[in-house]
Amino acid sequence: MLLAPLDRKLLRDLWNMRGLATAISVVMGCGIALFIMSRSMLHSLELSQQTYYDRNNFADVFASLKRAPDILIDRIAAIPGVAVAERRISVPANLSIPGQDEPVFGRLNSVPDVGMPRLNTLYLRRGSWLTPRSDDEVLASEAFVEANHLEVGDRFDAIINGRMEELRIVGVVLSPEYIYEIKPGDMLPDNEHFGVFWMNEEALSMAYDMDGAFNDVALKLMRGANQEDVIQRLDELLEPYGGLGAYGRKDQMSHQFVNNEIEQNRNMGLFAPSIFLGVAAFLINVVLSRTINSQREQIAALKAFGYSNLEVGWHYIKLVLLVVVTSLVVGIPGGVWIGWVITSLYARLFHFPVFTYHILFSTILAAAGVAATASVLGGLGSVLRAVRLPPAEAMRPEPPTGFGPTFLERIGLGRLMPPVLLMVVRQLERRPVKTVFSTLAVSLAVAVLVIGNFFQDSINSLISTQFHWVQRYDMSLRTNEAVSDRAVYEVASMPGVLRVEPARAVSARLRAGPRSRRVGIMGIRPDSTLFGLMNMDGHETPLPPHGLLVSKKLAEVLGVKPGDTVRLEVLVDKRPELDVKIAATLNDYAGLSAYMDLDELHRIMLEGPVVTGVQMLVDPRHRDELYRDLKETPQVATVMVKQHSIDAFNNTVAKNLGVMKRINLMFAIIIAVGVVYNSARISQAERSRELATLRVLGFTRREISSILLGELAVVTLLAIPLGLVLGKFFAWWMCTAFNQELFRFPLVVTRRTYAWAALVVITASAISGLIVRRNLDHLDLVAVLKSRE
């Protein structure tokens with residue numbers, strides 16, 4: 001099949017500009033890859049989550065309580081809107097794992113002795129189901145089994161209701177309740193020291209004297225049911241039995257973390273690709289403008305031979321679309337590869353039965369459409385100029401740019417500059433639009449590098465503040481229920497304990513008009529030295545003697561400010577209700593927190609000096625002895641070892657950040673090289689006659705290189721401070737976008753990050769300059785000077 005004349009010309013043009021087209025295609029390909037990756041990861045997470053929830057019948061409403069008779073479940077099931085109501089027993093346990101000297105804790109959940117649970121159905125990964133009426137068999141969560149290198153058939157000891165029992169793992173399972181398996185109170189999963197287990201109901205009920213009773217319930221609602229009404233009615237039924245407040249799926253811990261990640265993918269899905277596609281559109285505009293300017297006579301000839309304006313315009317649009325096609329060849333495999341990398345990172349945190357990377361054909365079409373739209377819009381102005389160019393005017397060379405004195409010359413500084421520098425300044429000032437957009441494009445590369453390192457700076461600040469200024473203790477423990485403060489002195493007498501401080505935590509609901517949140521209120525001493533109330537800016541907030549100190553995010557959710565009053569509904573013990581003033585807010589990092597003076601909390605709770613937790617400073621030389629004593633203490637529900645949390649961070653977030661940082665560095669270098677290389681090549685092509693003339697007049701290769709590369713150097717130096725400012729702005733925007741209930745990121749950008757971003761862009765620009773310098777060395781003076789004026 002013979003190509004039309006214009007199509008043959010199109011292929012020749014593309015071949016002649018292959019270097020420029022390749023650079024543009026790579027930059028655009030990065031934007032396409034990021035678009036495909038982000039949209040596909042969003043789809044993959046949502047699909048994996050929804051499929052898992054549907055197949056395993058994930059509940060809609062959850063509630064815990066002290067103890068209720070089994071017959072209450074019939075009244076719960078009769079609540080309007082409830083489709084399925086299922087009771088169970090759920091208790092904490094102190095574990096002793098072979099080869100593990102440190103404290104390990106778990107949660108034991110009951111399953112029916114016969115049949116499967118109707119809600120939150122388990123997925124059996126390997127092994128077998130529990131034998132009916134067995135009292136020593138358990139199903140173990142896969143995350144815990146793999147972290148501790150356990151196998152089906154392995155045994156471990158557990159303190160169950162004060163008695164040491166030997167348990168045997170018969171199956172490894174996953175649960176939709178624990179996609180993100182985290183111990184209450186922790187920021188990150190610590191699967192080595194916390195696990196979830198399932199036992200036959202009869203065995204667990206006998207061990208905890210819960211025969212004919214339950215302490216946990218889950219509900220599945222009918223389509224269209226009013227969840228708030230169901231929760232209110234459920235709370236009313238459970239209140240006499242020590243209900244701790246029902247909550248919907250949106251407040252379930254694992255679901256919150258998965259949804260948080262989905263929301264972050266949604267927020268970032270268009271931000272990063274927009275940068276690359278915007279830069280690519282700018283490069284297309286510059287290249288196409290230069291191409292059309294150099295082909296004015298060809299355009300005139302085409303119109304003289306009868307080609308219409310539409311045909312001429314479509315010819316250049318096809319040139320743009322060919323560049324888009326080549327970028328798709330780069331971007332689609334790149335997006336798939338990055339997607340697989342991110343999937344492997346997610347697999348460390350989220351435990352789905354099947355979690356694969358799905359790419360929809362519609363996503364690829366959308367990426368192609370977005371790239372084509374951005375590219376056509378970028379080149380549309382140049383194409384319209386070609387279409388509107390009359391043939392008679394096109395036959396003449398383009399009028400030269402007006403050459404007048406520059407701003408620096410007008411103010412008298414021109415005499416102080418050497419000729420080469422003056423030529424550079426004149427060229428940049430006489431094409432202000434191109435100079436501005438070139439500077440902006442390079443500054444975006446700087447900004448991308450700042451953003452990549454910003455996350456590292458922000459996380460480092462968060463971890464440093466959290467583990468050195470907030471959690472000043474080495475270990476903390478929580479009890480199964482409130483105990484006398486004599487427990488504090490008992491803990492203080494344990495080996496290696498240097499200092500202890502008490503804490504009292506209560507579950508409560510805060511109401512402000514129609515808004516409410518279920519939170520934990522922590523009572524601490526105002527003179528506490530082991531727990532700091534630190535803000536993101538590094539300043540400590542003193543604990544007010546009266547009223548509540550709440551996280552700033554909680555105040556935003558409730559729509560209150562310091563001085564306002566909220567309704568406090570305590571959900572434990574005597575369940576007092578009263579109005580409490582918001583005394584101050586705390587701009588903290590995670591969760592919806594509320595703090596109160598310990599004595600004030602005791603007064604509100606109508607109780608004596610009791611505690612539910614102890615914070616400890618520990619001598620590391622006696623740590624193992626302390627571990628053994630804590631393992632043998634029945635009232636201890638969980639122990640948080642600060643070093644474990646730091647290790648969990650290093651094994652998850654730090655590794656993931658390292659991978660993302662390398663990918664980000666690659667993308668930033670591509671932008672910098674793409675922009676600088678294209679600018680340099682276009683400047684070389686536009687000024688080849690001028691540079692050749694200077695060579696004939698006696699200028700050396702070094703001097704003419706200084707003229708061209710000087711322009712690049714000035715653009716790069718102008719772009720760096722602008723890019724640093726843009727990077728800080730983007731970091732602020734991301735902090736705002738990710739300001740969620742689970743986590744908040746502090747706006748911290750270090751000098752090292754700024755220096756790193758500037759150094760990488762300067763290096764990339766220098767490499768691009770050396771490539772262009774090599775082309776100047778091979779400049780054909782005769783061929784260039786033969787070109788027509």
# chains A, B, ... in the order shown; residues from 1 in each chain; ligands from 1

$ residues_around --residues "Lys183 of chain A" --least-positions-apart "4" --cutoff "12 Å" --atoms "only C-alpha atoms" --output "list of chain:residue names"
A:Pro92, A:Val104, A:Phe105, A:Gly106, A:Arg107, A:Phe144, A:Tyr178, A:Met187, A:Leu188, A:Pro189, A:Asp190, A:Asn191, A:Glu192, A:His193, A:Phe194, A:Gly195, A:Val196, A:Met253, A:Ser254, A:Arg478, A:Ala637, A:Thr638, A:Val639, A:Met640, A:Val641, A:His644, A:Ser645

$ write_last_selection --atoms "C-alpha atoms" --output "PDB file, in the first residue's frame"
ATOM      1  CA  PRO A  92      -7.139 -11.176  74.399  1.00  0.00           C
ATOM      2  CA  VAL A 104       3.596 -11.957  72.201  1.00  0.00           C
ATOM      3  CA  PHE A 105      -0.117 -11.265  72.347  1.00  0.00           C
ATOM      4  CA  GLY A 106      -3.080 -12.453  70.415  1.00  0.00           C
ATOM      5  CA  ARG A 107      -6.822 -12.227  70.092  1.00  0.00           C
ATOM      6  CA  PHE A 144       1.395 -14.103  62.278  1.00  0.00           C
ATOM      7  CA  TYR A 178      -7.982  -8.371  59.536  1.00  0.00           C
ATOM      8  CA  MET A 187       0.602   2.697  64.305  1.00  0.00           C
ATOM      9  CA  LEU A 188       1.926  -0.145  62.141  1.00  0.00           C
ATOM     10  CA  PRO A 189       1.453  -3.920  61.979  1.00  0.00           C
ATOM     11  CA  ASP A 190       3.784  -5.951  64.184  1.00  0.00           C
ATOM     12  CA  ASN A 191       2.882  -9.452  63.031  1.00  0.00           C
ATOM     13  CA  GLU A 192       5.776 -11.016  64.908  1.00  0.00           C
ATOM     14  CA  HIS A 193       4.330  -9.997  68.276  1.00  0.00           C
ATOM     15  CA  PHE A 194       0.597  -9.923  67.614  1.00  0.00           C
ATOM     16  CA  GLY A 195      -1.662 -12.461  65.957  1.00  0.00           C
ATOM     17  CA  VAL A 196      -5.318 -13.418  65.625  1.00  0.00           C
ATOM     18  CA  MET A 253      -9.889  -0.588  62.044  1.00  0.00           C
ATOM     19  CA  SER A 254      -8.791  -2.780  59.132  1.00  0.00           C
ATOM     20  CA  ARG A 478      -2.607  -2.533  79.068  1.00  0.00           C
ATOM     21  CA  ALA A 637      -3.754  -7.813  77.958  1.00  0.00           C
ATOM     22  CA  THR A 638      -1.032  -6.375  75.695  1.00  0.00           C
ATOM     23  CA  VAL A 639       2.498  -5.025  75.950  1.00  0.00           C
ATOM     24  CA  MET A 640       3.779  -2.403  73.547  1.00  0.00           C
ATOM     25  CA  VAL A 641       7.564  -2.421  73.165  1.00  0.00           C
ATOM     26  CA  HIS A 644       9.169  -3.355  68.098  1.00  0.00           C
ATOM     27  CA  SER A 645       7.248  -0.445  66.608  1.00  0.00           C
TER      28      SER A 645
END

$ residues_around --residues "Ser476 of chain A" --least-positions-apart "4" --cutoff "10 Å" --atoms "only C-alpha atoms" --output "list in words"
Gln471, Val500, Glu501, Pro502, Ala503, Gly613, Val614, Gln615, Met616, Leu617, Thr638, Val639, Met640, Val641 and Lys642 of chain A

$ write_last_selection --atoms "C-alpha atoms" --output "JSON list (two decimals), in the first residue's frame"
[["chain", "number", "residue", "atom", "x", "y", "z"],
["A", 471, "GLN", "CA", 6.41, 7.92, 73.62],
["A", 500, "VAL", "CA", 6.48, 3.91, 85.90],
["A", 501, "GLU", "CA", 3.53, 6.18, 85.25],
["A", 502, "PRO", "CA", -0.18, 5.22, 85.31],
["A", 503, "ALA", "CA", -2.76, 5.73, 82.59],
["A", 613, "GLY", "CA", -2.25, 0.90, 81.62],
["A", 614, "VAL", "CA", 1.28, 1.53, 82.82],
["A", 615, "GLN", "CA", 4.15, 3.22, 80.99],
["A", 616, "MET", "CA", 7.65, 2.08, 81.87],
["A", 617, "LEU", "CA", 11.25, 3.14, 81.52],
["A", 638, "THR", "CA", -1.03, -6.37, 75.70],
["A", 639, "VAL", "CA", 2.50, -5.02, 75.95],
["A", 640, "MET", "CA", 3.78, -2.40, 73.55],
["A", 641, "VAL", "CA", 7.56, -2.42, 73.17],
["A", 642, "LYS", "CA", 8.70, 0.78, 71.48]]

$ residues_around --residues "Arg751 of chain A" --least-positions-apart "6" --cutoff "12 Å" --atoms "only C-alpha atoms" --output "PyMOL selection string"
chain A and resi 450+453-454+457+724+728+757-758

$ closest_atom_pairs --of "segment 511-554 of chain A" --to "segment 225-228 of chain A" --cutoff "12 Å" --atoms "only C-alpha atoms" --output "JSON lines"
{"residue": "A:Pro514", "atom": "CA", "partner": "A:Glu228", "partner_atom": "CA", "distance": 11.5}
{"residue": "A:Arg515", "atom": "CA", "partner": "A:Glu228", "partner_atom": "CA", "distance": 11.7}
{"residue": "A:Ser516", "atom": "CA", "partner": "A:Glu228", "partner_atom": "CA", "distance": 11.2}

$ select_by_dssp --residues "segment 575-680 of chain A" --states "strand (DSSP E)" --output "list in words"
Glu577, Leu578, Asp579, Val580, Lys581, Ile582, Ala583, Ala584, Thr585, Leu586, Ala594, Tyr595, Met596, Asp597, Val610, Val611, Thr612, Gly613, Val614, Gln615, Met616, Leu617, Val618, Val636, Ala637, Thr638, Val639, Met640 and Val641 of chain A

$ write_last_selection --atoms "C-alpha atoms" --output "PDB file, in the first residue's frame"
ATOM      1  CA  GLU A 577     -22.980  11.329  80.623  1.00  0.00           C
ATOM      2  CA  LEU A 578     -22.138  15.012  80.987  1.00  0.00           C
ATOM      3  CA  ASP A 579     -21.133  18.149  79.101  1.00  0.00           C
ATOM      4  CA  VAL A 580     -17.379  18.740  78.907  1.00  0.00           C
ATOM      5  CA  LYS A 581     -15.490  21.774  77.616  1.00  0.00           C
ATOM      6  CA  ILE A 582     -12.882  21.497  74.872  1.00  0.00           C
ATOM      7  CA  ALA A 583      -9.977  23.111  76.720  1.00  0.00           C
ATOM      8  CA  ALA A 584      -7.388  22.936  73.925  1.00  0.00           C
ATOM      9  CA  THR A 585      -6.461  21.133  70.713  1.00  0.00           C
ATOM     10  CA  LEU A 586      -3.369  19.136  69.792  1.00  0.00           C
ATOM     11  CA  ALA A 594      -8.616  12.837  73.516  1.00  0.00           C
ATOM     12  CA  TYR A 595      -6.726  13.407  76.777  1.00  0.00           C
ATOM     13  CA  MET A 596      -7.756  14.418  80.271  1.00  0.00           C
ATOM     14  CA  ASP A 597      -6.176  14.957  83.658  1.00  0.00           C
ATOM     15  CA  VAL A 610      -7.743   2.731  89.092  1.00  0.00           C
ATOM     16  CA  VAL A 611      -5.631   2.252  85.961  1.00  0.00           C
ATOM     17  CA  THR A 612      -5.848   0.383  82.677  1.00  0.00           C
ATOM     18  CA  GLY A 613      -2.249   0.898  81.620  1.00  0.00           C
ATOM     19  CA  VAL A 614       1.276   1.533  82.819  1.00  0.00           C
ATOM     20  CA  GLN A 615       4.148   3.220  80.988  1.00  0.00           C
ATOM     21  CA  MET A 616       7.652   2.077  81.873  1.00  0.00           C
ATOM     22  CA  LEU A 617      11.254   3.138  81.515  1.00  0.00           C
ATOM     23  CA  VAL A 618      13.286  -0.079  81.445  1.00  0.00           C
ATOM     24  CA  VAL A 636      -1.777  -8.060  81.208  1.00  0.00           C
ATOM     25  CA  ALA A 637      -3.754  -7.813  77.958  1.00  0.00           C
ATOM     26  CA  THR A 638      -1.032  -6.375  75.695  1.00  0.00           C
ATOM     27  CA  VAL A 639       2.498  -5.025  75.950  1.00  0.00           C
ATOM     28  CA  MET A 640       3.779  -2.403  73.547  1.00  0.00           C
ATOM     29  CA  VAL A 641       7.564  -2.421  73.165  1.00  0.00           C
TER      30      VAL A 641
END

$ closest_residue --among "A:Glu102, A:Ile332, A:Arg388, A:Thr291" --to "Ser308 of chain A" --atoms "only C-alpha atoms"
A:Arg388

$ residues_around --residues "segment 134-143 of chain A" --least-positions-apart "5" --cutoff "10 Å" --atoms "only C-alpha atoms" --output "compact mmCIF listing (two decimals) with N, CA, C and O atoms, in the first residue's frame"
# COMPACT_ATOMS: atom_id res chain seq x y z
N GLY A 106 -2.15 -12.09 71.47
CA GLY A 106 -3.08 -12.45 70.42
C GLY A 106 -4.50 -12.16 70.80
O GLY A 106 -4.80 -11.79 71.94
N LEU A 108 -8.20 -14.13 70.59
CA LEU A 108 -8.89 -15.39 70.33
C LEU A 108 -10.35 -15.10 70.04
O LEU A 108 -11.05 -14.46 70.83
N ASN A 109 -10.81 -15.56 68.88
CA ASN A 109 -12.21 -15.40 68.47
C ASN A 109 -12.85 -16.78 68.36
O ASN A 109 -12.22 -17.73 67.89
N SER A 110 -14.10 -16.86 68.75
CA SER A 110 -14.79 -18.15 68.65
C SER A 110 -15.43 -18.32 67.29
O SER A 110 -15.80 -17.34 66.63
N VAL A 111 -15.55 -19.57 66.86
CA VAL A 111 -16.29 -19.95 65.65
C VAL A 111 -17.24 -21.08 66.05
O VAL A 111 -16.99 -21.80 67.02
N ASP A 113 -19.01 -24.53 66.65
CA ASP A 113 -18.46 -25.88 66.70
C ASP A 113 -18.85 -26.69 65.47
O ASP A 113 -18.10 -27.57 65.04
N LEU A 122 -14.03 -17.09 57.30
CA LEU A 122 -12.59 -17.26 57.17
C LEU A 122 -12.23 -17.91 55.84
O LEU A 122 -12.98 -18.73 55.30
N TYR A 123 -11.07 -17.53 55.32
CA TYR A 123 -10.53 -18.14 54.10
C TYR A 123 -9.39 -19.05 54.50
O TYR A 123 -8.38 -18.59 55.05
N LEU A 124 -9.55 -20.34 54.29
CA LEU A 124 -8.54 -21.33 54.69
C LEU A 124 -7.44 -21.37 53.65
O LEU A 124 -7.63 -21.84 52.53
N ARG A 125 -6.28 -20.86 54.03
CA ARG A 125 -5.15 -20.84 53.10
C ARG A 125 -4.49 -22.22 53.01
O ARG A 125 -4.18 -22.70 51.92
N ARG A 126 -4.27 -22.85 54.15
CA ARG A 126 -3.73 -24.21 54.16
C ARG A 126 -4.05 -24.87 55.49
O ARG A 126 -4.44 -24.20 56.45
N GLY A 127 -3.90 -26.18 55.53
CA GLY A 127 -4.26 -26.92 56.74
C GLY A 127 -5.71 -27.37 56.67
O GLY A 127 -6.28 -27.57 55.60
N SER A 128 -6.34 -27.51 57.83
CA SER A 128 -7.71 -28.02 57.90
C SER A 128 -8.53 -27.18 58.87
O SER A 128 -7.99 -26.38 59.64
N TRP A 129 -9.86 -27.40 58.83
CA TRP A 129 -10.76 -26.71 59.73
C TRP A 129 -10.68 -27.36 61.11
O TRP A 129 -10.14 -28.44 61.27
N ASN A 148 6.45 -15.49 62.26
CA ASN A 148 7.12 -16.30 63.28
C ASN A 148 7.60 -17.65 62.75
O ASN A 148 8.01 -18.51 63.53
N HIS A 149 7.53 -17.82 61.43
CA HIS A 149 8.05 -19.03 60.77
C HIS A 149 7.41 -20.30 61.37
O HIS A 149 8.09 -21.30 61.64
N LEU A 150 6.11 -20.25 61.55
CA LEU A 150 5.37 -21.40 62.08
C LEU A 150 4.78 -22.21 60.94
O LEU A 150 4.65 -21.72 59.80
N GLU A 151 4.38 -23.41 61.25
CA GLU A 151 3.77 -24.30 60.27
C GLU A 151 2.54 -24.95 60.89
O GLU A 151 2.37 -24.96 62.12
N VAL A 152 1.71 -25.52 60.02
CA VAL A 152 0.57 -26.28 60.50
C VAL A 152 1.08 -27.46 61.34
O VAL A 152 2.00 -28.18 60.92
N GLY A 153 0.51 -27.63 62.52
CA GLY A 153 0.94 -28.68 63.43
C GLY A 153 1.82 -28.18 64.56
O GLY A 153 2.01 -28.89 65.56
N ARG A 155 2.95 -26.11 67.90
CA ARG A 155 2.25 -25.85 69.15
C ARG A 155 2.86 -24.63 69.84
O ARG A 155 4.03 -24.31 69.65
N GLU A 165 -2.39 -22.91 78.72
CA GLU A 165 -2.92 -23.97 77.87
C GLU A 165 -2.00 -24.14 76.66
O GLU A 165 -1.47 -23.15 76.13
N GLU A 166 -1.84 -25.38 76.22
CA GLU A 166 -1.07 -25.64 74.99
C GLU A 166 -2.05 -25.73 73.82
O GLU A 166 -3.02 -26.48 73.87
N LEU A 167 -1.77 -24.97 72.78
CA LEU A 167 -2.63 -24.93 71.60
C LEU A 167 -1.86 -25.41 70.37
O LEU A 167 -0.64 -25.24 70.30
N ARG A 168 -2.60 -25.97 69.44
CA ARG A 168 -1.98 -26.52 68.23
C ARG A 168 -2.60 -25.87 66.99
O ARG A 168 -3.83 -25.77 66.89
N ILE A 169 -1.74 -25.39 66.09
CA ILE A 169 -2.22 -24.77 64.85
C ILE A 169 -2.62 -25.87 63.87
O ILE A 169 -1.80 -26.71 63.50
N VAL A 170 -3.89 -25.89 63.46
CA VAL A 170 -4.35 -26.89 62.49
C VAL A 170 -4.64 -26.27 61.13
O VAL A 170 -4.79 -26.98 60.14
N GLY A 171 -4.74 -24.94 61.08
CA GLY A 171 -5.00 -24.29 59.81
C GLY A 171 -4.51 -22.85 59.82
O GLY A 171 -4.40 -22.22 60.87
N VAL A 172 -4.18 -22.37 58.64
CA VAL A 172 -3.74 -20.98 58.45
C VAL A 172 -4.82 -20.27 57.64
O VAL A 172 -5.21 -20.74 56.56
N VAL A 173 -5.32 -19.16 58.16
CA VAL A 173 -6.49 -18.52 57.57
C VAL A 173 -6.28 -17.02 57.36
O VAL A 173 -5.36 -16.42 57.91
N LEU A 174 -7.20 -16.47 56.59
CA LEU A 174 -7.32 -15.03 56.41
C LEU A 174 -8.74 -14.64 56.78
O LEU A 174 -9.67 -15.43 56.66
N SER A 175 -8.90 -13.39 57.23
CA SER A 175 -10.22 -12.91 57.62
C SER A 175 -10.43 -11.51 57.05
O SER A 175 -9.52 -10.68 57.07
N TYR A 178 -9.39 -8.63 59.24
CA TYR A 178 -7.98 -8.37 59.54
C TYR A 178 -7.16 -8.32 58.26
O TYR A 178 -6.09 -8.90 58.17
N ILE A 179 -7.67 -7.62 57.24
CA ILE A 179 -6.86 -7.39 56.04
C ILE A 179 -5.60 -6.63 56.43
O ILE A 179 -4.50 -6.92 55.96
N TYR A 180 -5.78 -5.65 57.28
CA TYR A 180 -4.66 -4.91 57.86
C TYR A 180 -4.62 -5.31 59.33
O TYR A 180 -5.39 -4.81 60.15
N GLU A 181 -3.74 -6.23 59.67
CA GLU A 181 -3.73 -6.85 60.99
C GLU A 181 -2.83 -6.04 61.92
O GLU A 181 -1.60 -6.07 61.81
N PRO A 189 1.56 -2.50 61.62
CA PRO A 189 1.45 -3.92 61.98
C PRO A 189 2.77 -4.45 62.56
O PRO A 189 3.85 -4.12 62.07
N ASP A 190 2.65 -5.25 63.59
CA ASP A 190 3.78 -5.95 64.18
C ASP A 190 3.39 -7.42 64.27
O ASP A 190 3.06 -7.93 65.33
N ASN A 191 3.40 -8.09 63.11
CA ASN A 191 2.88 -9.45 63.03
C ASN A 191 3.72 -10.46 63.81
O ASN A 191 3.23 -11.55 64.13
N GLU A 192 4.94 -10.10 64.15
CA GLU A 192 5.78 -11.02 64.91
C GLU A 192 5.32 -11.10 66.36
O GLU A 192 5.52 -12.13 67.02
N PHE A 194 2.05 -9.95 67.46
CA PHE A 194 0.60 -9.92 67.61
C PHE A 194 -0.04 -10.76 66.52
O PHE A 194 0.31 -10.63 65.34
N GLY A 195 -0.97 -11.62 66.92
CA GLY A 195 -1.66 -12.46 65.96
C GLY A 195 -3.11 -12.67 66.35
O GLY A 195 -3.52 -12.39 67.48
N VAL A 196 -3.90 -13.15 65.40
CA VAL A 196 -5.32 -13.42 65.62
C VAL A 196 -5.55 -14.91 65.43
O VAL A 196 -5.01 -15.52 64.49
N PHE A 197 -6.38 -15.47 66.33
CA PHE A 197 -6.63 -16.91 66.32
C PHE A 197 -8.13 -17.18 66.48
O PHE A 197 -8.86 -16.35 67.03
N TRP A 198 -8.53 -18.37 66.01
CA TRP A 198 -9.93 -18.76 66.09
C TRP A 198 -10.01 -20.16 66.72
O TRP A 198 -9.26 -21.06 66.34
N MET A 199 -10.93 -20.29 67.70
CA MET A 199 -11.12 -21.55 68.42
C MET A 199 -12.60 -21.95 68.37
O MET A 199 -13.47 -21.10 68.10
N ASN A 200 -12.86 -23.21 68.64
CA ASN A 200 -14.24 -23.66 68.77
C ASN A 200 -14.93 -22.88 69.89
O ASN A 200 -14.34 -22.61 70.94
N GLU A 201 -16.19 -22.55 69.67
CA GLU A 201 -16.93 -21.75 70.64
C GLU A 201 -17.03 -22.44 72.00
O GLU A 201 -16.87 -21.80 73.05
N GLU A 202 -17.28 -23.73 72.00
CA GLU A 202 -17.44 -24.44 73.27
C GLU A 202 -16.16 -24.37 74.10
O GLU A 202 -16.21 -24.12 75.31
N ALA A 203 -15.01 -24.58 73.46
CA ALA A 203 -13.74 -24.55 74.19
C ALA A 203 -13.48 -23.16 74.76
O ALA A 203 -13.05 -23.01 75.92
N LEU A 204 -13.72 -22.13 73.98
CA LEU A 204 -13.44 -20.77 74.44
C LEU A 204 -14.45 -20.34 75.52
O LEU A 204 -14.08 -19.66 76.49
N MET A 206 -16.00 -22.28 77.67
CA MET A 206 -15.69 -22.97 78.91
C MET A 206 -14.47 -22.35 79.59
O MET A 206 -14.43 -22.22 80.81
N ALA A 207 -13.47 -21.96 78.79
CA ALA A 207 -12.24 -21.41 79.36
C ALA A 207 -12.51 -20.06 80.03
O ALA A 207 -11.88 -19.73 81.04
N ARG A 348 2.71 -6.73 51.46
CA ARG A 348 3.32 -6.82 52.79
C ARG A 348 2.40 -6.28 53.88
O ARG A 348 2.53 -6.65 55.04
N LEU A 349 1.49 -5.40 53.49
CA LEU A 349 0.63 -4.74 54.48
C LEU A 349 -0.79 -5.30 54.49
O LEU A 349 -1.39 -5.44 55.55
N PHE A 350 -1.32 -5.57 53.30
CA PHE A 350 -2.72 -5.98 53.19
C PHE A 350 -2.81 -7.45 52.83
O PHE A 350 -2.19 -7.89 51.86
N HIS A 351 -3.62 -8.17 53.59
CA HIS A 351 -3.68 -9.63 53.45
C HIS A 351 -5.01 -10.03 52.82
O HIS A 351 -6.02 -10.20 53.50
